[in-house]
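A.B. asks: One file is attached below, protein-v6.txt, containing compact mmCIF, C-alpha atoms.
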# COMPACT_ATOMS: atom_id res chain seq x y z
CA MET A 1 63.78 -50.53 47.70
CA ALA A 2 62.64 -47.78 45.35
CA ASP A 3 58.90 -47.25 45.10
CA LEU A 4 57.77 -48.64 41.74
CA SER A 5 54.11 -47.66 42.11
CA SER A 6 52.85 -46.56 38.73
CA THR A 7 49.97 -44.44 37.48
CA PHE A 8 49.49 -44.68 33.73
CA VAL A 9 46.63 -42.63 32.21
CA GLY A 10 44.98 -42.74 35.60
CA ILE A 11 45.38 -46.52 35.93
CA LYS A 12 47.21 -47.46 39.12
CA SER A 13 49.38 -50.55 39.56
CA PRO A 14 52.02 -51.57 42.12
CA ASN A 15 54.73 -51.60 39.45
CA PRO A 16 55.08 -50.63 35.78
CA PHE A 17 55.33 -54.22 34.52
CA TRP A 18 52.20 -55.36 32.67
CA LEU A 19 51.61 -58.52 30.69
CA ALA A 20 50.75 -57.74 27.07
CA SER A 21 47.64 -58.94 25.31
CA ALA A 22 48.70 -62.44 24.21
CA PRO A 23 48.36 -66.12 25.15
CA PRO A 24 49.56 -65.49 28.75
CA THR A 25 46.47 -63.30 29.39
CA ASP A 26 43.87 -65.48 27.69
CA LYS A 27 41.93 -66.63 30.75
CA GLU A 28 41.37 -66.31 34.47
CA TYR A 29 43.73 -69.10 35.49
CA ASN A 30 46.74 -67.49 33.77
CA VAL A 31 45.99 -63.97 34.99
CA ARG A 32 45.60 -65.06 38.60
CA ARG A 33 48.95 -66.83 38.44
CA ALA A 34 50.48 -63.69 36.92
CA PHE A 35 49.17 -61.49 39.74
CA GLU A 36 50.36 -63.99 42.34
CA ALA A 37 53.83 -63.81 40.77
CA GLY A 38 53.86 -60.01 41.09
CA TRP A 39 52.84 -58.49 37.75
CA GLY A 40 51.45 -54.99 38.12
CA GLY A 41 48.79 -55.40 35.48
CA VAL A 42 47.59 -57.26 32.43
CA VAL A 43 46.07 -56.47 29.09
CA TRP A 44 43.54 -59.26 28.61
CA LYS A 45 43.93 -61.14 25.35
CA THR A 46 42.03 -59.46 22.53
CA LEU A 47 38.26 -59.87 22.58
CA GLY A 48 36.15 -59.74 19.44
CA SER A 49 32.45 -59.20 18.85
CA GLU A 50 30.07 -62.12 18.73
CA GLY A 51 29.70 -63.33 15.17
CA PRO A 52 31.49 -65.95 13.09
CA PRO A 53 33.53 -68.00 15.57
CA ILE A 54 37.29 -67.49 15.85
CA VAL A 55 38.95 -70.78 14.94
CA ASN A 56 42.65 -71.18 15.65
CA VAL A 57 44.85 -73.81 14.01
CA ASN A 58 45.33 -77.10 15.84
CA GLY A 59 48.93 -77.44 14.74
CA PRO A 60 52.10 -75.48 15.48
CA ARG A 61 51.39 -71.81 16.17
CA TYR A 62 54.94 -70.60 16.76
CA GLY A 63 58.14 -70.38 14.79
CA ALA A 64 61.40 -69.39 16.47
CA ILE A 65 64.82 -67.86 15.96
CA TRP A 66 67.57 -68.94 18.38
CA GLY A 67 71.04 -67.71 19.20
CA ALA A 68 74.06 -69.99 19.04
CA ASP A 69 73.42 -71.08 22.64
CA ARG A 70 69.78 -71.96 21.87
CA ARG A 71 68.63 -68.80 23.62
CA LEU A 72 65.31 -67.72 22.18
CA LEU A 73 65.74 -64.47 20.24
CA GLY A 74 62.36 -64.21 18.58
CA LEU A 75 58.99 -65.90 18.20
CA ASN A 76 56.76 -65.84 15.15
CA ASN A 77 53.14 -66.59 16.00
CA ILE A 78 50.07 -67.26 13.88
CA GLU A 79 47.59 -67.40 16.75
CA LEU A 80 44.44 -65.31 16.43
CA ILE A 81 42.53 -63.33 19.03
CA THR A 82 40.72 -65.24 21.78
CA ASP A 83 38.61 -68.14 20.59
CA ARG A 84 36.76 -68.32 23.94
CA PRO A 85 33.17 -67.03 24.21
CA LEU A 86 32.87 -63.31 24.86
CA GLU A 87 30.60 -63.76 27.87
CA VAL A 88 33.03 -66.19 29.50
CA ASN A 89 35.88 -63.71 29.11
CA LEU A 90 33.83 -60.82 30.48
CA ARG A 91 32.71 -62.84 33.51
CA GLU A 92 36.30 -63.86 34.29
CA ILE A 93 37.63 -60.31 33.86
CA LYS A 94 35.06 -58.99 36.32
CA GLN A 95 35.84 -61.64 38.91
CA VAL A 96 39.63 -61.25 38.68
CA LYS A 97 39.42 -57.46 38.93
CA ARG A 98 37.26 -57.71 42.05
CA ASP A 99 39.72 -60.12 43.65
CA TRP A 100 42.77 -58.04 42.68
CA PRO A 101 41.58 -54.42 42.84
CA ASP A 102 45.12 -52.99 43.12
CA ARG A 103 46.23 -54.48 39.77
CA ALA A 104 45.72 -52.87 36.37
CA MET A 105 43.14 -54.63 34.20
CA VAL A 106 42.94 -53.45 30.59
CA ILE A 107 40.84 -55.17 27.92
CA SER A 108 42.19 -55.48 24.38
CA LEU A 109 39.52 -55.13 21.69
CA MET A 110 39.24 -55.83 17.99
CA VAL A 111 35.98 -55.72 16.04
CA PRO A 112 34.98 -54.84 12.45
CA CYS A 113 35.64 -51.27 11.46
CA ASP A 114 32.12 -49.90 11.81
CA GLU A 115 30.60 -47.69 14.48
CA GLU A 116 27.86 -50.06 15.63
CA SER A 117 30.28 -52.93 16.25
CA TRP A 118 32.45 -50.74 18.49
CA LYS A 119 29.45 -49.22 20.26
CA ASP A 120 28.06 -52.68 20.98
CA ILE A 121 31.20 -54.24 22.43
CA LEU A 122 32.00 -51.18 24.53
CA ALA A 123 28.55 -51.35 26.09
CA ARG A 124 29.08 -55.02 26.89
CA ILE A 125 32.35 -54.50 28.74
CA GLU A 126 31.26 -51.50 30.81
CA ASP A 127 30.29 -53.50 33.90
CA THR A 128 33.49 -55.56 34.09
CA GLU A 129 35.08 -52.85 36.27
CA ALA A 130 38.14 -52.99 34.03
CA ASP A 131 40.46 -49.98 34.16
CA GLY A 132 40.76 -49.30 30.44
CA VAL A 133 40.65 -50.58 26.89
CA GLU A 134 43.42 -51.16 24.37
CA LEU A 135 42.51 -51.03 20.68
CA ASN A 136 44.35 -53.75 18.79
CA PHE A 137 45.35 -52.03 15.56
CA GLY A 138 48.45 -54.15 15.15
CA CYS A 139 47.83 -57.86 14.48
CA PRO A 140 49.51 -58.55 11.10
CA HIS A 141 48.02 -62.00 10.45
CA GLY A 142 44.60 -63.58 10.29
CA MET A 143 42.54 -60.65 11.48
CA ALA A 144 44.25 -58.23 9.08
CA GLU A 145 42.96 -60.31 6.19
CA ARG A 146 39.47 -59.71 7.62
CA GLY A 147 39.84 -55.94 7.64
CA MET A 148 40.90 -55.60 11.28
CA GLY A 149 44.19 -55.44 13.19
CA SER A 150 47.03 -53.93 11.17
CA ALA A 151 44.64 -53.33 8.26
CA VAL A 152 43.25 -50.53 10.44
CA GLY A 153 46.57 -49.60 12.04
CA GLN A 154 48.14 -48.88 8.67
CA VAL A 155 45.51 -46.27 7.78
CA PRO A 156 45.73 -43.15 9.99
CA GLU A 157 42.23 -42.02 9.03
CA TYR A 158 40.77 -45.29 10.32
CA ILE A 159 42.76 -45.03 13.56
CA GLU A 160 41.42 -41.54 14.24
CA MET A 161 37.87 -42.53 13.34
CA VAL A 162 37.69 -45.62 15.55
CA THR A 163 39.44 -43.88 18.44
CA ARG A 164 36.78 -41.15 18.34
CA TRP A 165 34.04 -43.80 18.48
CA VAL A 166 35.66 -45.41 21.50
CA LYS A 167 36.02 -42.11 23.34
CA GLN A 168 32.40 -41.30 22.51
CA TYR A 169 30.92 -44.57 23.75
CA SER A 170 33.21 -45.48 26.64
CA ARG A 171 34.11 -43.96 30.00
CA MET A 172 37.37 -45.91 30.19
CA PRO A 173 40.85 -44.69 29.28
CA CYS A 174 41.68 -45.63 25.70
CA ILE A 175 45.10 -46.97 24.69
CA VAL A 176 45.74 -47.41 20.96
CA LYS A 177 48.11 -50.26 20.12
CA LEU A 178 50.14 -49.44 17.02
CA THR A 179 51.59 -51.69 14.34
CA PRO A 180 55.27 -51.46 13.36
CA ASN A 181 54.37 -52.56 9.83
CA VAL A 182 54.42 -49.01 8.52
CA THR A 183 57.00 -46.73 6.89
CA SER A 184 56.79 -44.21 9.74
CA ILE A 185 55.17 -44.60 13.14
CA LEU A 186 54.37 -40.90 13.41
CA PRO A 187 51.25 -40.66 11.18
CA PRO A 188 49.46 -43.48 13.08
CA ALA A 189 50.51 -42.06 16.46
CA THR A 190 49.42 -38.57 15.47
CA ALA A 191 46.08 -39.92 14.24
CA ALA A 192 45.49 -41.67 17.56
CA HIS A 193 46.32 -38.43 19.37
CA ARG A 194 43.88 -36.46 17.20
CA GLY A 195 41.19 -39.05 17.85
CA GLY A 196 41.48 -38.47 21.58
CA ALA A 197 43.52 -41.51 22.63
CA ASP A 198 44.69 -41.32 26.22
CA ALA A 199 47.84 -43.24 25.28
CA VAL A 200 49.47 -45.41 22.66
CA SER A 201 51.16 -48.78 23.12
CA LEU A 202 53.80 -50.17 20.80
CA ILE A 203 55.04 -52.15 19.10
CA ASN A 204 52.72 -54.92 18.07
CA THR A 205 54.32 -57.80 16.19
CA VAL A 206 56.32 -57.50 12.99
CA LYS A 207 54.96 -59.30 9.93
CA SER A 208 57.41 -62.10 9.26
CA ILE A 209 58.42 -65.59 8.21
CA THR A 210 61.05 -66.95 10.57
CA ASN A 211 62.19 -69.98 8.59
CA VAL A 212 61.37 -72.46 5.82
CA ASP A 213 61.10 -76.23 6.06
CA LEU A 214 63.58 -77.36 3.41
CA ASP A 215 62.13 -80.86 3.19
CA ASN A 216 58.53 -79.82 2.64
CA PHE A 217 59.32 -76.39 1.17
CA SER A 218 56.85 -74.55 3.33
CA PRO A 219 57.14 -71.60 5.69
CA PHE A 220 57.13 -72.61 9.34
CA PRO A 221 55.07 -73.11 11.46
CA MET A 222 53.67 -75.56 8.96
CA ILE A 223 50.03 -76.67 8.92
CA ASP A 224 49.34 -79.66 6.68
CA GLY A 225 52.16 -78.73 4.30
CA LYS A 226 51.38 -75.00 4.15
CA GLY A 227 52.61 -71.98 6.09
CA SER A 228 51.66 -68.34 6.49
CA HIS A 229 53.27 -65.12 7.65
CA GLY A 230 52.92 -64.39 11.33
CA GLY A 231 53.82 -61.79 13.93
CA TYR A 232 57.44 -61.57 15.16
CA CYS A 233 58.20 -60.64 18.76
CA GLY A 234 60.86 -61.13 21.42
CA PRO A 235 64.34 -59.70 22.08
CA ALA A 236 65.09 -59.41 18.35
CA VAL A 237 62.46 -56.68 17.84
CA LYS A 238 63.58 -54.49 20.75
CA PRO A 239 65.71 -52.10 18.63
CA ILE A 240 62.75 -51.47 16.31
CA ALA A 241 60.47 -50.84 19.27
CA LEU A 242 62.89 -48.50 21.05
CA ASN A 243 63.23 -46.33 17.97
CA MET A 244 59.48 -46.07 17.41
CA VAL A 245 58.79 -45.26 21.05
CA ALA A 246 61.46 -42.55 21.01
CA GLU A 247 60.18 -41.07 17.73
CA ILE A 248 56.76 -40.54 19.30
CA ALA A 249 58.24 -39.20 22.54
CA ARG A 250 60.30 -36.50 20.79
CA ASN A 251 57.86 -35.57 18.00
CA PRO A 252 56.29 -32.12 18.65
CA GLU A 253 52.81 -33.33 17.59
CA THR A 254 52.80 -36.31 19.95
CA ARG A 255 55.13 -35.11 22.71
CA GLY A 256 53.44 -35.68 26.05
CA LEU A 257 51.24 -38.51 24.75
CA PRO A 258 51.65 -41.37 27.26
CA ILE A 259 53.35 -44.46 25.83
CA SER A 260 53.24 -48.07 26.94
CA GLY A 261 56.42 -49.69 25.63
CA ILE A 262 56.30 -53.18 24.11
CA GLY A 263 58.86 -55.25 22.22
CA GLY A 264 61.45 -57.63 23.60
CA VAL A 265 61.40 -56.55 27.25
CA THR A 266 63.20 -59.40 29.01
CA THR A 267 65.14 -57.76 31.84
CA TRP A 268 64.83 -54.74 34.13
CA ARG A 269 67.43 -53.03 31.95
CA ASP A 270 65.24 -53.42 28.86
CA ALA A 271 62.36 -51.85 30.76
CA ALA A 272 64.54 -48.98 31.98
CA GLU A 273 65.67 -48.29 28.41
CA PHE A 274 62.07 -48.08 27.19
CA MET A 275 61.16 -45.75 30.02
CA ALA A 276 64.23 -43.56 29.50
CA LEU A 277 63.08 -43.12 25.90
CA GLY A 278 59.61 -42.02 26.94
CA ALA A 279 57.53 -45.05 27.93
CA GLY A 280 55.45 -44.65 31.09
CA ASN A 281 55.33 -48.40 31.63
CA VAL A 282 56.14 -51.60 29.72
CA GLN A 283 54.26 -54.65 28.55
CA VAL A 284 55.83 -58.11 28.34
CA CYS A 285 54.90 -61.30 26.51
CA THR A 286 57.74 -63.39 25.04
CA ALA A 287 59.89 -63.29 28.19
CA ALA A 288 56.99 -64.64 30.26
CA MET A 289 56.32 -67.34 27.66
CA THR A 290 60.00 -68.30 27.70
CA TYR A 291 60.80 -68.19 31.42
CA GLY A 292 57.45 -68.17 33.23
CA PHE A 293 55.61 -65.50 35.18
CA LYS A 294 58.13 -65.24 38.03
CA ILE A 295 60.58 -63.44 35.76
CA VAL A 296 58.81 -60.27 36.84
CA GLN A 297 60.39 -60.60 40.28
CA GLU A 298 63.86 -60.10 38.79
CA MET A 299 62.55 -57.13 36.81
CA ILE A 300 61.10 -55.55 39.95
CA SER A 301 64.20 -56.05 42.11
CA GLY A 302 66.58 -54.99 39.34
CA LEU A 303 64.74 -51.79 38.49
CA SER A 304 64.36 -50.93 42.18
CA GLN A 305 68.08 -51.39 42.80
CA TYR A 306 68.98 -49.33 39.74
CA LEU A 307 66.76 -46.43 40.82
CA ASP A 308 68.19 -46.58 44.33
CA GLU A 309 71.74 -46.47 43.01
CA LYS A 310 70.90 -43.53 40.76
CA GLU A 311 68.93 -41.84 43.56
CA MET A 312 66.04 -41.45 41.14
CA GLY A 313 62.31 -41.99 41.30
CA LEU A 314 60.42 -43.86 38.62
CA ASP A 315 59.00 -40.64 37.21
CA ASP A 316 62.52 -39.19 36.98
CA LEU A 317 63.52 -42.04 34.65
CA ILE A 318 60.65 -41.60 32.20
CA GLY A 319 61.84 -39.63 29.17
CA ARG A 320 65.31 -38.99 30.61
CA ALA A 321 67.06 -39.99 27.35
CA VAL A 322 64.67 -38.28 24.93
CA PRO A 323 66.60 -34.95 24.70
CA ASN A 324 69.70 -36.91 23.71
CA PHE A 325 67.94 -38.62 20.77
CA VAL A 326 68.82 -36.33 17.86
CA GLU A 327 69.17 -36.44 14.09
CA TRP A 328 72.54 -37.43 12.63
CA GLN A 329 73.41 -33.89 11.59
CA ASP A 330 73.08 -32.76 15.21
CA LEU A 331 75.84 -35.09 16.44
CA ASN A 332 79.09 -33.54 17.66
CA LEU A 333 81.66 -33.96 14.92
CA ASN A 334 84.38 -32.68 17.27
CA TYR A 335 84.08 -35.86 19.31
CA VAL A 336 86.76 -38.43 18.41
CA THR A 337 87.57 -41.79 20.00
CA LYS A 338 90.03 -44.62 19.37
CA ALA A 339 89.83 -48.29 20.21
CA ARG A 340 92.00 -49.69 23.00
CA ILE A 341 92.64 -53.41 23.60
CA ASP A 342 93.34 -54.65 27.14
CA PRO A 343 96.13 -57.22 26.70
CA ASP A 344 95.38 -58.83 30.06
CA ALA A 345 91.75 -59.48 29.15
CA CYS A 346 92.45 -60.55 25.55
CA ILE A 347 92.02 -64.28 24.87
CA LYS A 348 93.84 -63.99 21.50
CA CYS A 349 90.90 -65.26 19.46
CA GLY A 350 91.63 -62.78 16.66
CA ARG A 351 88.03 -61.83 15.94
CA CYS A 352 88.78 -58.13 16.15
CA PHE A 353 91.70 -58.49 13.73
CA ALA A 354 89.73 -60.56 11.21
CA ALA A 355 86.75 -58.23 11.27
CA CYS A 356 88.81 -55.06 10.95
CA GLU A 357 91.26 -56.43 8.40
CA ASP A 358 88.67 -57.96 6.09
CA THR A 359 85.67 -55.70 6.45
CA SER A 360 86.68 -52.43 8.04
CA HIS A 361 89.75 -50.15 8.12
CA GLN A 362 92.80 -52.37 8.68
CA ALA A 363 93.36 -50.63 12.01
CA ILE A 364 94.43 -53.62 14.14
CA ALA A 365 97.87 -55.19 13.91
CA MET A 366 98.67 -58.75 14.91
CA LYS A 367 102.11 -58.86 16.55
CA PRO A 368 104.16 -62.00 17.33
CA GLY A 369 102.52 -64.18 19.94
CA ARG A 370 99.06 -63.13 18.66
CA VAL A 371 99.23 -59.80 20.42
CA PHE A 372 96.74 -57.35 18.94
CA GLU A 373 97.27 -53.60 18.88
CA VAL A 374 95.25 -50.75 17.44
CA ILE A 375 96.85 -48.65 14.69
CA ASP A 376 95.61 -45.20 15.68
CA ALA A 377 96.37 -43.66 12.30
CA GLU A 378 93.85 -46.02 10.66
CA CYS A 379 91.24 -46.38 13.40
CA VAL A 380 88.00 -44.54 12.59
CA ALA A 381 86.38 -45.57 15.89
CA CYS A 382 83.64 -47.53 14.15
CA ASN A 383 83.21 -49.79 17.23
CA LEU A 384 83.09 -53.02 15.17
CA CYS A 385 85.94 -54.56 17.17
CA VAL A 386 84.09 -53.90 20.42
CA ASN A 387 80.96 -55.57 19.10
CA VAL A 388 82.64 -58.74 17.78
CA CYS A 389 84.93 -59.27 20.77
CA PRO A 390 83.63 -62.16 22.92
CA VAL A 391 85.16 -60.70 26.11
CA GLU A 392 83.18 -57.87 27.66
CA ASN A 393 85.21 -54.68 28.17
CA CYS A 394 88.33 -56.19 26.61
CA ILE A 395 88.12 -53.54 23.88
CA THR A 396 86.91 -50.07 24.77
CA MET A 397 86.67 -46.73 23.01
CA VAL A 398 88.77 -43.92 24.52
CA GLU A 399 87.95 -40.29 23.82
CA LEU A 400 90.68 -38.03 22.46
CA PRO A 401 90.82 -34.70 24.29
CA GLN A 402 89.66 -31.57 22.51
CA GLY A 403 92.49 -30.05 20.48
CA ALA A 404 94.39 -33.33 20.20
CA VAL A 405 95.75 -34.29 16.79
CA ASP A 406 93.93 -37.14 15.10
CA PRO A 407 96.78 -39.42 13.92
CA ARG A 408 94.65 -40.65 11.06
CA THR A 409 94.33 -37.22 9.47
CA GLY A 410 97.08 -35.19 11.09
CA ARG A 411 94.49 -32.53 11.92
CA PRO A 412 93.38 -31.18 15.30
CA VAL A 413 90.19 -32.76 16.55
CA THR A 414 88.50 -29.36 16.45
CA ASP A 415 88.82 -29.35 12.65
CA TYR A 416 85.83 -31.70 12.57
CA ALA A 417 83.61 -28.69 13.13
CA ASN A 418 84.54 -27.45 9.65
CA TRP A 419 82.72 -30.35 8.01
CA THR A 420 82.29 -28.68 4.62
CA THR A 421 86.02 -28.92 3.96
CA HIS A 422 86.87 -31.89 6.17
CA PRO A 423 88.72 -34.69 4.30
CA ASN A 424 86.26 -37.29 5.59
CA ASN A 425 83.33 -35.50 4.00
CA PRO A 426 82.28 -37.55 0.93
CA ALA A 427 81.65 -34.35 -1.01
CA THR A 428 85.22 -33.20 -0.29
CA ARG A 429 86.68 -36.52 -1.41
CA ALA A 430 84.57 -36.47 -4.56
CA ALA A 431 85.81 -32.99 -5.40
CA GLU A 432 89.39 -34.13 -4.99
Transcribe the structure of this file into C-alpha cells.

C.D. replies:
Amino acid sequence: MADLSSTFVGIKSPNPFWLASAPPTDKEYNVRRAFEAGWGGVVWKTLGSEGPPIVNVNGPRYGAIWGADRRLLGLNNIELITDRPLEVNLREIKQVKRDWPDRAMVISLMVPCDEESWKDILARIEDTEADGVELNFGCPHGMAERGMGSAVGQVPEYIEMVTRWVKQYSRMPCIVKLTPNVTSILPPATAAHRGGADAVSLINTVKSITNVDLDNFSPFPMIDGKGSHGGYCGPAVKPIALNMVAEIARNPETRGLPISGIGGVTTWRDAAEFMALGAGNVQVCTAAMTYGFKIVQEMISGLSQYLDEKEMGLDDLIGRAVPNFVEWQDLNLNYVTKARIDPDACIKCGRCFAACEDTSHQAIAMKPGRVFEVIDAECVACNLCVNVCPVENCITMVELPQGAVDPRTGRPVTDYANWTTHPNNPATRAAE
C-alpha cells in the first residue's frame, strides 16, 4: 500500500487524516479511541481561558438536513467550545501525547482578543508537548457574540494582530482556522500569512438555520421554545470548502501557504479532492459523528489504493489540480460536447426529458416506447441531463473533434475562438 505518512508544517503523523476540533475531540476517552481506530492526528476541541464558565445548552444541540434516503447531508450545531476545566484538558492532552507520540496533537484555542489573554493561555499549554496550536477564528455562534470566533475571523486586521501575538509567545507551529462567513476568503488568508501563520485550516462552519418547527414556530434545534443560528457542516458544505481552499492555493499572495482542508470530508475521494486542490492534509468531524471513528480505515485504504493505481506519492497529489482551476474567461471556447444516452442502460424514467423540455433547451426527444434521444442541433451540452439521471453513466458527454460542425449553429467548432462575433455571445444577440 502507498505510504501515507504526512508531515504538515513540521508535524508528523502516520496519515493525513486528522479529526477536527469538535465534540469528537473533547476529552481523553474519545481521542484514545480515535487513535486506536487509526486517525493520524487530532485537533483538540477548542480551549478557552479561565474566566466566566462556558455553559452549553442541556437540550438539542444539532439540527440536520437529510437526503431522500435519510442520509445525513448536513449538521447544524449550537454547541460552544469545551465546557470542561482548562487544567483537566491540559492534563489529558499531555498524557495522550506521551502515550501516542507518533500521532499529531494540535490544540485549538479561543480567548478574548487582547494580548495578555493570548500570552497567558499560550504559556499554560507549553508543557503539554502538543505539536501545534490552531486559532479558532471561525465559530459563528455563541462565542462570536462575545467578540471571539468569527467576530475575529471576519476582520483581517484582527487575524494578523492575534497571529503575531501567537508567533511571539509560542514555540509551536500556528494554524489559523478561517471562517467561510465572509465575502472573500482571500483577505483573511492573506492577513494570517502576513501575521506569520505557519498554515491555515478551512472551512469552519457556515452560519445557518437548518429548519423551522412549524408547530412551535421556532428555529431548530429548539430550546424551551426558542432557537438560534448555528454552524453548518457535513457533505453539503464541501463545494464551498473546495472553492475556498483552491482560491488560497492559487492566489499569488498566499501560494505556498500550507492548508489543512476541512468541510464535508466523508470518503477517501473527498480527501483526495481537497489535496488535489492544495490541501496538505484534511480534518474530519461530521463523518466521524455519523459513522464512528473506524470510518478512517476506509479512507486510509481507499487513498492508498488510489495512489498505487496512479503510481503517485502523497506529495505528488497535493496541488495537482490547482493549475487547472482558472477564471471563466480562460476556459477553452473551442471545446464542444454533446450528450449521449445509452439505450441499454436507460430505465425509461423520463427525468432527462422532463428536465430538458421544461427547464433547459428542448434537446431530448421522446420516441415511441419511451425511447429518449438527444437532438444534437439543440443540445448546448449543459450537463443537466447527466445530473438528473438516476443511472450512473447512462448519459455521458461526448467531445466533438476539432473542426467538426456544431449542428446547433452550423459553424465549425473552431469558430468558438472568435467569441466577439459568435452567435452565442449575449452581446452579439443583443446587437442583432

A.B. asks: Measure the distance from atom CA of A:Gly278 to atom CA of A:Gln329 in Å and round it to one decimal.

C.D. replies: 22.2 Å

A.B. asks: Please tabulate, as CSV, the residues of stretch 225-337 of chain A that come within 10 Å of stretch 379-402 of chain A, each with its closest pair of atoms and the distance in Å to one decimal, counting all atoms listed in the file and ordering rows by chain, then residue number upward.

C.D. replies:
residue,atom,partner,partner_atom,distance
A:Asn334,CA,A:Gln402,CA,7.5
A:Tyr335,CA,A:Glu399,CA,7.4
A:Val336,CA,A:Leu400,CA,5.7
A:Thr337,CA,A:Glu399,CA,4.1

A.B. asks: Which residue, A:Gly292, A:Arg250, A:Lys238, A:Glu28, has the smallest gap to A:Ala271 when you use only C-alpha atoms?

C.D. replies: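 Counting only C-alpha atoms, the residue closest to A:Ala271 is A:Lys238.
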
A.B. asks: May I ask which of the residues A:Ala130, A:Val55, A:Gly147, A:Val176 is the closest one to A:Glu92, counting all atoms listed in the file?

C.D. replies: A:Ala130

A.B. asks: Please, what distance in Å, to one decimal, runs between atom CA of A:Val265 and atom CA of A:Val237?

C.D. replies: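 Taking atom CA of A:Val265 as the start and atom CA of A:Val237 as the end point, the length is 9.5 Å.
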
A.B. asks: Report, in Å to a single decimal, how far apart atom CA of A:Gly319 and atom CA of A:Met172 are.

C.D. replies: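 Answer for the atom CA of A:Met172 to atom CA of A:Gly319 separation: 25.3 Å.
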
A.B. asks: Fewer than 2 positions away in the same chain doesn't count, so skip those; otherwise give me all residues within 7 Å of A:Ala37, counting only C-alpha atoms, as number ranges by chain.

C.D. replies: A: 33-35, 39, 293-294

A.B. asks: Quick one: of A:Met275, A:Ile240, A:Leu317, A:Ile209, who's nearest to A:Asn76, counting all atoms listed in the file?

C.D. replies: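 The shortest atom-to-atom distance to A:Asn76 comes from A:Ile209.
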
A.B. asks: Just checking: using only C-alpha atoms, which residue out of A:Trp118, A:Tyr169, A:Phe220, A:Phe137 ends up closest to A:Val182?

C.D. replies: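 Using only C-alpha atoms, the shortest distance to A:Val182 belongs to A:Phe137.
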
A.B. asks: Of the candidates A:Val155, A:Val31, A:Leu122, A:Ile347, which shows the shortest atom-to-atom distance to A:Trp100, using only C-alpha atoms?

C.D. replies: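 Nearest to A:Trp100: A:Val31.
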
A.B. asks: Give me stretch 366-381 of chain A with N, CA and C atoms filled in, as a CSV table (one decimal), keeping the file's coordinate frame.

C.D. replies:
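Result went into out.csv, see below:
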chain,number,residue,atom,x,y,z
A,366,MET,N,98.4,-57.5,14.1
A,366,MET,CA,98.7,-58.8,14.9
A,366,MET,C,100.2,-58.9,15.0
A,367,LYS,N,100.7,-58.8,16.3
A,367,LYS,CA,102.1,-58.9,16.6
A,367,LYS,C,102.5,-60.3,16.9
A,368,PRO,N,103.7,-60.6,16.9
A,368,PRO,CA,104.2,-62.0,17.3
A,368,PRO,C,103.5,-62.4,18.7
A,369,GLY,N,103.2,-63.7,18.7
A,369,GLY,CA,102.5,-64.2,19.9
A,369,GLY,C,101.0,-63.9,20.0
A,370,ARG,N,100.5,-63.5,18.8
A,370,ARG,CA,99.1,-63.1,18.7
A,370,ARG,C,98.7,-62.0,19.7
A,371,VAL,N,99.5,-61.0,19.6
A,371,VAL,CA,99.2,-59.8,20.4
A,371,VAL,C,98.6,-58.8,19.5
A,372,PHE,N,97.5,-58.3,19.8
A,372,PHE,CA,96.7,-57.4,18.9
A,372,PHE,C,96.8,-55.9,19.4
A,373,GLU,N,97.2,-55.0,18.5
A,373,GLU,CA,97.3,-53.6,18.9
A,373,GLU,C,96.5,-52.8,17.8
A,374,VAL,N,96.0,-51.7,18.3
A,374,VAL,CA,95.2,-50.8,17.4
A,374,VAL,C,96.2,-49.8,16.8
A,375,ILE,N,96.1,-49.6,15.5
A,375,ILE,CA,96.8,-48.6,14.7
A,375,ILE,C,96.0,-47.3,14.7
A,376,ASP,N,96.4,-46.4,15.5
A,376,ASP,CA,95.6,-45.2,15.7
A,376,ASP,C,95.4,-44.4,14.4
A,377,ALA,N,96.5,-44.4,13.5
A,377,ALA,CA,96.4,-43.7,12.3
A,377,ALA,C,95.3,-44.2,11.4
A,378,GLU,N,94.9,-45.4,11.5
A,378,GLU,CA,93.8,-46.0,10.7
A,378,GLU,C,92.5,-46.2,11.3
A,379,CYS,N,92.5,-46.1,12.7
A,379,CYS,CA,91.2,-46.4,13.4
A,379,CYS,C,90.3,-45.2,13.2
A,380,VAL,N,89.0,-45.6,12.8
A,380,VAL,CA,88.0,-44.5,12.6
A,380,VAL,C,87.0,-44.6,13.7
A,381,ALA,N,87.3,-45.4,14.7
A,381,ALA,CA,86.4,-45.6,15.9
A,381,ALA,C,85.0,-46.1,15.5
